[in-house]
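K.L.:
Just passing along the structure, written as structure tokens.
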Amino acid sequence: MAAELVSSAGDQVARVALSVLVYVRTGSAALTAFTFALTFLPALIGPVLAGLADRYPRREVMIACDLSRGAVMTVMALPFVPLWVMFPLIFVAQLLSSPSNAARGALLADVLAGDMLTVGQGLRQIVGQIAQVGGFAVGGFLTAILTPYGSLAVNAASFFVSASIIFTGVRHRPAPIGDGGSISLLESTRRGARLVFADGQLRTLSGSSG
């Protein structure tokens, strides 16, 4: 959960830094709002990539996502990168959060069981809320003293730190055994969505998880 706290807080820092950066460069409140909204757009298609957590070892999925997001954020922290390049980069960075989050949730179920799993899920939600609120505050502070580019660099470092924590603190477990490899990622996502939305209780849990 330490890795999740670091990377989730980094997400909020990036949102603040990008919004400020776009406003400073363009002076457009509308474009600034678009930039902030863009960081949430990948959540609409991210569930398709979430299936990667059931096809590959979850520890490796989390590490690969964190390293990739760190690399993307490193590029975005370069002052000469134009805004039109930053927009697809932030989209990709946020998109990669879906398989990472799915792997974290599934790994929690692999490690804990029964009442301990319930406690673990509760703690994970608390960590996420702390990261969201604290990340915005930290993002504003860092942007004020380090400039938006400095904040993006800190965010990039947060993903590398998260990957290091996972690498050293989580042991390798093989990928789940099943028939997931015999069907496409898109098809497995479609089947999962159909299963969830066909069950009233699952729909309720899915809607309340956000």
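For the structure tokens, the naming scheme is as follows: chains receive sequential letters (A, B, ...) according to their order of presentation, residues are indexed from 1 within each chain, and ligands are indexed from 1 in presentation order.
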Might you pull out every residue within 9 Å of Gln132 of chain A, with only C-alpha atoms counted and same-chain residues fewer than 3 positions away left off, and present them as a ChimeraX atom specification?
P.N.:
/A:8-9,11-12,127-129,135-137
K.L.:
Calculated over only C-alpha atoms, which of the candidates A:Val161, A:Met116, A:Ile126, A:Ala102 has the smallest distance to Arg59 of chain A?
P.N.:
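Among the listed residues, the smallest separation from Arg59 of chain A belongs to A:Ala102.
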K.L.:
May I ask which of the residues A:Ala71, A:Met62, A:Leu41, A:Ala156 is the closest one to Ala103 of chain A, counting only C-alpha atoms?
P.N.:
A:Met62
K.L.:
Let me make sure I understand: among A:Ala93, A:Ala131, A:Cys65, A:Leu112, which one has the smallest atom-to-atom distance to Ala53 of chain A if we use only C-alpha atoms?
P.N.:
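Using only C-alpha atoms, Ala53 of chain A sits closest to A:Cys65.
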K.L.:
Take atom CA of Phe160 of chain A and atom CA of Leu67 of chain A and report the distance between them in Å, one decimal.
P.N.:
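About the pair atom CA of Phe160 of chain A and atom CA of Leu67 of chain A: they are 5.9 Å apart.
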K.L.:
Please determine, counting only C-alpha atoms, which residue among A:Asp54, A:Phe167, A:Val22, A:Tyr149 has the shortest atom-to-atom distance to Phe87 of chain A.
P.N.:
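Answer, going by the shortest atom-to-atom distance: A:Val22.
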K.L.:
At a cut-off of 10 Å, using only C-alpha atoms, what residues contact Arg104 of chain A? Leave out same-chain residues fewer than 2 positions from it and give the result as an NGL selection string.
P.N.:
:A and (1 or 3-4 or 53 or 58-59 or 61-62 or 98-102 or 106-110 or 124)
